[in-house]
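Below you'll find the structure, written out as structure tokens, and then a few comments.
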Amino acid sequence: PAVRSAVMATVFLSGLLLWRQSDALNGLALAAIAVIAVDPSCVADLSMQLSFLAVGSLILLAPAIRQAVPVPRPDPAASRVRFLWQKAREAALQTFCASLAVTLTGAPLIAAAFHRVSLAGLVSNIIVLPLCAALTGLAAGGAAIFVVSPGASTPVLFAGAWASQLLVWAARLFAAIRTHYPGADLSGVQRAITMAAEAHGEQRRASGEPYVTHPIAAAEILAELGIDPVAIEAAI
């Protein structure tokens with residue numbers, strides 16, 4: 001995934017430098033060629049298959065799903081408050097469509113490999129996908145800055161490291177809840193994490209970690225102990 005992201009980011013940035021429009025599918029194809037050239041055996045690797053399949057679904061399927069949803073897009077002519085609400089609703093809807101596209105396309109491979117498919121990702125991805133996007137941007141940006149000035153890339157790479165840690169904690173939290181409550185509605189937990197992230201903002205712990213990692217880590221412990229999702233919402 002890191003090589004794929006780096007190649008696609010390079011193609012996109014090269015297009016901007018050359019004043020040419022970048023094509024997502026061409027970028028994905030070039031990334032596939034680069035990865036296979038480095039390691040031909042990776043075509044049989046499940047993570048590689050899921051990575052490219054997920055990106056392909058985001059390019060092709062997610063827009064089609066959004067087009068099929070009968071919810072109007074934000075209207076710039078609306079009042080400011082209403083327009084901001086519409087933009088927030090559209091962002092959540094776009095994320096859900098992306099999550100649904102990735103879940104549907106990856107389901108056959110996941111079912112074949114693990115003999116089960118979970119729909120928990122439809123909710124958890126509303127948090128995880130934005131984190132993945134931020135992490136990809138930080139990783140690509142840090143790598144590009146490192147080539148020019150290794151010292152200047154340190155803050156970007158440091159932020160990327162904590163973003164990846166937050167991503168792992170969020171994934172573990174949702175997985176732990178599903179282990180004990182397979183049919184639980186996780187939308188409340190998702191809202192609690194979003195609220196905690198907004199409330200703590202730029203606060204950091206003495207270790208330098210974003211403070212929001214503390215309530216998420218505490219919630220993960222409770223989830224592993226089998227505490228119900230409502231109590232986990234309160235803990236976050």
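Residues are referred to by chain and number: the chain letter is A, B, ... according to the order shown in the structure tokens, the number counts from 1 in that chain, and ligands are numbered separately from 1 in the order shown.
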
Glu224 in chain A surroundings by only C-alpha atoms, 10 Å radius, close-in-sequence under 2 positions cut, as a PyMOL selection string: chain A and resi 172-173+175-180+219-222+226-227

Let me see the file: selected residues, N, CA and C atoms, as a PDB file, in the first residue's frame.
```
ATOM      1  N   ARG A 172      -8.779  -1.577  16.288  1.00  0.00           N
ATOM      2  CA  ARG A 172      -8.820  -2.563  17.368  1.00  0.00           C
ATOM      3  C   ARG A 172     -10.067  -2.400  18.230  1.00  0.00           C
ATOM      4  N   LEU A 173     -10.462  -1.154  18.467  1.00  0.00           N
ATOM      5  CA  LEU A 173     -11.639  -0.886  19.287  1.00  0.00           C
ATOM      6  C   LEU A 173     -12.885  -1.485  18.648  1.00  0.00           C
ATOM      7  N   ALA A 175     -13.049  -3.816  16.383  1.00  0.00           N
ATOM      8  CA  ALA A 175     -12.923  -5.269  16.308  1.00  0.00           C
ATOM      9  C   ALA A 175     -13.246  -5.912  17.658  1.00  0.00           C
ATOM     10  N   ALA A 176     -12.795  -5.279  18.749  1.00  0.00           N
ATOM     11  CA  ALA A 176     -13.045  -5.829  20.087  1.00  0.00           C
ATOM     12  C   ALA A 176     -14.537  -5.798  20.415  1.00  0.00           C
ATOM     13  N   ILE A 177     -15.210  -4.712  20.043  1.00  0.00           N
ATOM     14  CA  ILE A 177     -16.653  -4.634  20.306  1.00  0.00           C
ATOM     15  C   ILE A 177     -17.392  -5.711  19.528  1.00  0.00           C
ATOM     16  N   ARG A 178     -17.017  -5.898  18.269  1.00  0.00           N
ATOM     17  CA  ARG A 178     -17.699  -6.893  17.440  1.00  0.00           C
ATOM     18  C   ARG A 178     -17.480  -8.313  17.950  1.00  0.00           C
ATOM     19  N   THR A 179     -16.363  -8.548  18.617  1.00  0.00           N
ATOM     20  CA  THR A 179     -16.087  -9.888  19.138  1.00  0.00           C
ATOM     21  C   THR A 179     -17.137 -10.288  20.179  1.00  0.00           C
ATOM     22  N   HIS A 180     -17.529  -9.334  21.040  1.00  0.00           N
ATOM     23  CA  HIS A 180     -18.471  -9.621  22.121  1.00  0.00           C
ATOM     24  C   HIS A 180     -19.916  -9.292  21.752  1.00  0.00           C
ATOM     25  N   ALA A 219     -11.171   2.869  25.997  1.00  0.00           N
ATOM     26  CA  ALA A 219     -12.360   2.216  25.442  1.00  0.00           C
ATOM     27  C   ALA A 219     -12.016   0.841  24.881  1.00  0.00           C
ATOM     28  N   GLU A 220     -10.820   0.726  24.288  1.00  0.00           N
ATOM     29  CA  GLU A 220     -10.404  -0.570  23.742  1.00  0.00           C
ATOM     30  C   GLU A 220     -10.281  -1.614  24.852  1.00  0.00           C
ATOM     31  N   ILE A 221      -9.738  -1.202  26.000  1.00  0.00           N
ATOM     32  CA  ILE A 221      -9.625  -2.124  27.141  1.00  0.00           C
ATOM     33  C   ILE A 221     -11.003  -2.584  27.596  1.00  0.00           C
ATOM     34  N   LEU A 222     -11.941  -1.638  27.697  1.00  0.00           N
ATOM     35  CA  LEU A 222     -13.300  -1.991  28.102  1.00  0.00           C
ATOM     36  C   LEU A 222     -13.949  -2.931  27.092  1.00  0.00           C
ATOM     37  N   GLY A 226     -15.460  -6.987  27.361  1.00  0.00           N
ATOM     38  CA  GLY A 226     -16.842  -7.347  27.079  1.00  0.00           C
ATOM     39  C   GLY A 226     -17.867  -6.341  27.539  1.00  0.00           C
ATOM     40  N   ILE A 227     -17.417  -5.113  27.873  1.00  0.00           N
ATOM     41  CA  ILE A 227     -18.340  -4.066  28.291  1.00  0.00           C
ATOM     42  C   ILE A 227     -19.211  -3.670  27.098  1.00  0.00           C
TER      43      ILE A 227
END
```

Selection near range 72-76 of chain A, 9 Å with only C-alpha atoms, sequence-local residues under 4 positions removed, as JSON, numbers by chain: {"A": [80, 82, 83, 84, 85, 86, 87, 89, 90]}

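Between Ala31 in chain A and the candidates A:Cys97, A:Ile236, A:Met48, A:Leu18, the tightest atom-to-atom separation, counting only C-alpha atoms, involves A:Met48.
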
d(CA of Gly106 in chain A, CA of Leu50 in chain A) in Å: 6.3 Å

Using only C-alpha atoms, find each residue of range 162-184 of chain A with at least one atom at most 9 Å away from an atom of range 205-213 of chain A; report its shortest atom-to-atom pair and that distance in Å (one decimal), sort the rows by chain and rising residue number, and return the result as JSON lines.
```
{"residue": "A:Trp162", "atom": "CA", "partner": "A:Glu209", "partner_atom": "CA", "distance": 6.8}
{"residue": "A:Gln165", "atom": "CA", "partner": "A:Thr213", "partner_atom": "CA", "distance": 8.5}
{"residue": "A:Leu166", "atom": "CA", "partner": "A:Thr213", "partner_atom": "CA", "distance": 6.3}
{"residue": "A:Trp169", "atom": "CA", "partner": "A:Thr213", "partner_atom": "CA", "distance": 7.7}
```

Limited to N, CA and C atoms, could you put the picked residues into a file as a compact mmCIF listing (two decimals), in the first residue's frame?
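Saved file result_16.txt follows:
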```txt
# COMPACT_ATOMS: atom_id res chain seq x y z
N TRP A 162 1.74 9.18 14.41
CA TRP A 162 0.65 9.20 15.38
C TRP A 162 -0.69 8.97 14.71
N GLN A 165 -0.97 5.32 14.41
CA GLN A 165 -1.26 4.70 15.70
C GLN A 165 -2.73 4.87 16.07
N LEU A 166 -3.27 6.06 15.81
CA LEU A 166 -4.68 6.31 16.08
C LEU A 166 -5.56 5.41 15.22
N TRP A 169 -5.55 1.93 16.75
CA TRP A 169 -6.38 1.87 17.96
C TRP A 169 -7.86 1.85 17.62
```

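Remark: for Leu30 in chain A, the closest of the candidate residues A:Leu186, A:Thr10, A:Ala217, A:Leu93 is A:Thr10 (distances computed over only C-alpha atoms).
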
Residue nearest Ala32 in chain A among A:Ala159, A:Leu53, A:Met195, A:Ala62 (counting only C-alpha atoms):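 Nearest candidate to Ala32 in chain A out of A:Ala159, A:Leu53, A:Met195, A:Ala62: A:Leu53.
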
Secondary structure check, alpha helix (DSSP H) residues of range 30-235 of chain A, as a PyMOL selection string: chain A and resi 30-38+46-68+80-114+121-148+154-180+187-200+213-224+229-235

Residue nearest Leu135 in chain A - candidates A:Leu167, A:Ala184, A:Leu17, A:Ile65, atoms counted: only C-alpha atoms: A:Leu167

9 Å contact set for Gly160 in chain A, only C-alpha atoms, chain neighbours under 2 positions out, as an NGL selection string: :A and (134-139 or 142 or 155-158 or 162-165)

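When CA of Ile126 in chain A is paired with CA of Gly27 in chain A, their separation reads 25.0 Å.
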
Point-to-point distance from CA of Thr95 in chain A to CA of Val69 in chain A, Å rounded to tenths: 12.9 Å

Shell of 9 Å around Phe52 in chain A, only C-alpha atoms, local chain residues under 2 positions omitted, as a ChimeraX atom specification: /A:1,4,28,32,47-50,54-57

For those residues, write N, CA and C atoms to a file as a short mmCIF file (atom, residue, chain, number, x, y, z; two decimals), in the first residue's frame.
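Now in again.cif:
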```cif
data_model
loop_
_atom_site.label_atom_id
_atom_site.label_comp_id
_atom_site.auth_asym_id
_atom_site.auth_seq_id
_atom_site.Cartn_x
_atom_site.Cartn_y
_atom_site.Cartn_z
N PRO A 1 0.81 -1.22 0.00
CA PRO A 1 0.00 0.00 0.00
C PRO A 1 0.84 1.27 0.00
N ARG A 4 2.21 1.79 -3.50
CA ARG A 4 1.10 2.21 -4.37
C ARG A 4 0.76 3.67 -4.13
N LEU A 28 -3.25 4.29 -10.90
CA LEU A 28 -3.36 2.97 -10.27
C LEU A 28 -2.64 1.91 -11.10
N ALA A 32 0.58 -0.37 -10.04
CA ALA A 32 0.59 -1.83 -10.15
C ALA A 32 1.84 -2.31 -10.89
N SER A 47 -3.00 -8.77 0.89
CA SER A 47 -3.03 -7.34 1.21
C SER A 47 -2.87 -6.49 -0.04
N MET A 48 -2.01 -6.95 -0.96
CA MET A 48 -1.84 -6.21 -2.21
C MET A 48 -3.11 -6.26 -3.05
N GLN A 49 -3.74 -7.42 -3.12
CA GLN A 49 -4.97 -7.55 -3.89
C GLN A 49 -6.07 -6.65 -3.32
N LEU A 50 -6.22 -6.67 -1.99
CA LEU A 50 -7.25 -5.85 -1.35
C LEU A 50 -6.96 -4.36 -1.51
N ALA A 54 -9.50 -2.06 -3.44
CA ALA A 54 -10.16 -0.98 -2.70
C ALA A 54 -10.05 0.35 -3.44
N VAL A 55 -8.85 0.65 -3.93
CA VAL A 55 -8.66 1.91 -4.66
C VAL A 55 -9.49 1.91 -5.94
N GLY A 56 -9.51 0.78 -6.63
CA GLY A 56 -10.32 0.69 -7.85
C GLY A 56 -11.80 0.92 -7.56
N SER A 57 -12.28 0.38 -6.44
CA SER A 57 -13.69 0.58 -6.08
C SER A 57 -13.98 2.03 -5.73
#
```

Nearest residue to Leu60 in chain A from the set A:Val168, A:Leu25, A:Ala197, A:Ala44 (distances using only C-alpha atoms): A:Leu25

Contacts of Arg116 in chain A at 12 Å (only C-alpha atoms; same-chain gap of 5+ positions) as a list of chain:residue names: A:Gly106, A:Ala107, A:Pro108, A:Leu109, A:Ile110, A:Ala111

Keeping only N, CA, C and O atoms, take the residues you just selected and write them out as a JSON list (two decimals), in the first residue's frame.
```json
[["chain", "number", "residue", "atom", "x", "y", "z"],
["A", 106, "GLY", "N", -14.43, -5.96, -1.75],
["A", 106, "GLY", "CA", -13.48, -6.81, -1.02],
["A", 106, "GLY", "C", -14.10, -8.04, -0.39],
["A", 106, "GLY", "O", -13.39, -8.97, -0.02],
["A", 107, "ALA", "N", -15.43, -8.08, -0.31],
["A", 107, "ALA", "CA", -16.12, -9.19, 0.36],
["A", 107, "ALA", "C", -15.77, -10.56, -0.20],
["A", 107, "ALA", "O", -15.51, -11.49, 0.56],
["A", 108, "PRO", "N", -15.76, -10.75, -1.54],
["A", 108, "PRO", "CA", -15.43, -12.09, -2.06],
["A", 108, "PRO", "C", -14.03, -12.57, -1.65],
["A", 108, "PRO", "O", -13.87, -13.74, -1.26],
["A", 109, "LEU", "N", -13.03, -11.68, -1.73],
["A", 109, "LEU", "CA", -11.67, -12.07, -1.34],
["A", 109, "LEU", "C", -11.59, -12.37, 0.15],
["A", 109, "LEU", "O", -10.96, -13.36, 0.56],
["A", 110, "ILE", "N", -12.23, -11.52, 0.96],
["A", 110, "ILE", "CA", -12.19, -11.72, 2.41],
["A", 110, "ILE", "C", -12.92, -13.01, 2.80],
["A", 110, "ILE", "O", -12.45, -13.78, 3.65],
["A", 111, "ALA", "N", -14.04, -13.27, 2.17],
["A", 111, "ALA", "CA", -14.79, -14.50, 2.45],
["A", 111, "ALA", "C", -13.97, -15.73, 2.08],
["A", 111, "ALA", "O", -13.97, -16.74, 2.80]]
```
